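**Q** Sending over a structure as structure tokens; questions will come in a sec.
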Amino acid sequence: MADHDQRGWNGDDLGPNNGRCFHVLKGHSGPVVACAIASDDRWIVTASFDGTARIWDLTGQCQTAMRVTGPLTVCLCLPRDQVFLAGKGGAYLLTYVPATRSAEMEA
């Protein structure tokens, strides 16, 4: 049975934790189909068929969530804390403000 969580795996080929899950990001109600890491490695964005994009800090805490019309299938981190999202409902540009844990979306 599948769940709707995003998992982070250790890819250290030489370490003792190789291949072990180190984070489970819970919150989506549909399958997570895309994930991207900010260029400065401060946060992660996930996109789901449930029509939400969620931004997570590196401890696995959801910082903010945005809902769009229709399932999301693409997310890309851009410079200046921006995220490109795309899916059945269209394309969106999201600007994340880490200091306030908020986001603004443009369609």
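In the structure tokens, the first chain shown is A, the next is B, and so on; residue numbers restart at 1 for each chain, and ligands run from 1 in the order shown.
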Using only C-alpha atoms, which residues sit within 6 Å of segment 60-71 of chain A once same-chain residues fewer than 5 positions away are excluded, as a list in words?
**A**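 My reading of the contact set: Leu25, Phe49, Asp50, Gly51, Thr52, Ala53, Arg54, Ile55, Gly87, Lys88, Gly89 and Arg101 of chain A.
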**Q** Only N, CA and C atoms, please: the residues just picked out, written as a short mmCIF file (atom, residue, chain, number, x, y, z; two decimals), in the first residue's frame.
**A**
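Listed below is the output, result_21.cif:
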```cif
data_model
loop_
_atom_site.label_atom_id
_atom_site.label_comp_id
_atom_site.auth_asym_id
_atom_site.auth_seq_id
_atom_site.Cartn_x
_atom_site.Cartn_y
_atom_site.Cartn_z
N LEU A 25 8.67 13.30 5.03
CA LEU A 25 7.94 14.55 5.00
C LEU A 25 6.46 14.25 4.82
N PHE A 49 0.16 15.45 -6.66
CA PHE A 49 -1.09 15.33 -7.41
C PHE A 49 -2.27 15.91 -6.63
N ASP A 50 -2.09 16.16 -5.32
CA ASP A 50 -3.19 16.75 -4.54
C ASP A 50 -3.34 18.25 -4.80
N GLY A 51 -2.49 18.82 -5.68
CA GLY A 51 -2.58 20.23 -6.03
C GLY A 51 -1.87 21.15 -5.06
N THR A 52 -1.02 20.60 -4.21
CA THR A 52 -0.27 21.45 -3.28
C THR A 52 1.22 21.38 -3.54
N ALA A 53 1.86 22.50 -3.26
CA ALA A 53 3.31 22.58 -3.17
C ALA A 53 3.61 22.87 -1.71
N ARG A 54 4.55 22.17 -1.14
CA ARG A 54 4.94 22.38 0.26
C ARG A 54 6.42 22.69 0.32
N ILE A 55 6.75 23.65 1.18
CA ILE A 55 8.15 24.00 1.40
C ILE A 55 8.52 23.52 2.79
N GLY A 87 1.58 22.10 -13.76
CA GLY A 87 0.71 20.94 -13.68
C GLY A 87 -0.47 21.12 -14.61
N LYS A 88 -1.47 20.30 -14.40
CA LYS A 88 -2.64 20.30 -15.27
C LYS A 88 -3.36 21.65 -15.28
N GLY A 89 -3.34 22.36 -14.13
CA GLY A 89 -4.03 23.64 -14.02
C GLY A 89 -3.27 24.83 -14.56
N ARG A 101 8.42 32.56 6.71
CA ARG A 101 7.82 31.27 6.35
C ARG A 101 6.54 31.45 5.54
#
```
**Q** Which residues, written as a ChimeraX atom specification, have at least one atom at most 9 Å from segment 30-46 of chain A, with only C-alpha atoms counted and residues fewer than 6 positions away on the same chain left out?
**A** /A:2-6,52-58,60,71-79,81-83,98
**Q** Using only C-alpha atoms, please write the residues we just selected to a file, as a compact mmCIF listing (two decimals), in the first residue's frame.
**A**
```txt
# COMPACT_ATOMS: atom_id res chain seq x y z
CA ALA A 2 1.44 3.38 -1.03
CA ASP A 3 1.40 6.46 1.16
CA HIS A 4 1.73 10.10 0.14
CA ASP A 5 4.92 10.96 2.00
CA GLN A 6 8.23 12.20 0.62
CA THR A 52 -0.27 21.45 -3.28
CA ALA A 53 3.31 22.58 -3.17
CA ARG A 54 4.94 22.38 0.26
CA ILE A 55 8.15 24.00 1.40
CA TRP A 56 10.11 22.16 4.09
CA ASP A 57 13.09 23.13 6.19
CA LEU A 58 15.95 20.67 6.48
CA GLY A 60 11.54 18.04 7.92
CA PRO A 71 -2.46 18.24 -9.83
CA LEU A 72 1.13 19.48 -9.88
CA THR A 73 3.74 17.53 -11.81
CA VAL A 74 6.82 19.79 -11.89
CA CYS A 75 8.74 21.91 -9.37
CA LEU A 76 12.07 23.65 -9.92
CA CYS A 77 14.00 25.85 -7.50
CA LEU A 78 15.15 29.13 -9.03
CA PRO A 79 17.47 31.86 -7.74
CA ASP A 81 13.98 31.92 -3.33
CA GLN A 82 11.63 31.39 -6.25
CA VAL A 83 9.98 28.14 -7.33
CA PRO A 98 12.19 32.15 4.58
```
**Q** So how far away is atom CA of Phe84 of chain A from atom CA of Ala99 of chain A, in Å?
**A**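 Result for atom CA of Ala99 of chain A versus atom CA of Phe84 of chain A: 19.9 Å, one decimal.
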**Q** Would you pick out the contacts of Met105 of chain A at 7 Å or less, using only C-alpha atoms, so that residues sharing its chain but fewer than 4 positions from it are not included, and give the list as an MDAnalysis selection string?
**A** chainID A and resid 92:95
**Q** Could you write out the selected residues, including C-alpha atoms, as an mmCIF file, in the first residue's frame?
**A**
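Once everything was written out, this is out09.cif:
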```cif
data_model
loop_
_atom_site.group_PDB
_atom_site.id
_atom_site.type_symbol
_atom_site.label_atom_id
_atom_site.label_comp_id
_atom_site.auth_asym_id
_atom_site.auth_seq_id
_atom_site.Cartn_x
_atom_site.Cartn_y
_atom_site.Cartn_z
ATOM 1 C CA TYR A 92 2.965 29.227 -11.443
ATOM 2 C CA LEU A 93 5.833 31.197 -9.965
ATOM 3 C CA LEU A 94 6.079 31.016 -6.187
ATOM 4 C CA THR A 95 8.303 33.340 -4.154
#
```
**Q** Figure out the distance between atom CA of Thr59 of chain A and atom CA of Gly27 of chain A, please, to one decimal in Å.
**A**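 Here the two named atoms are 14.4 Å from each other.
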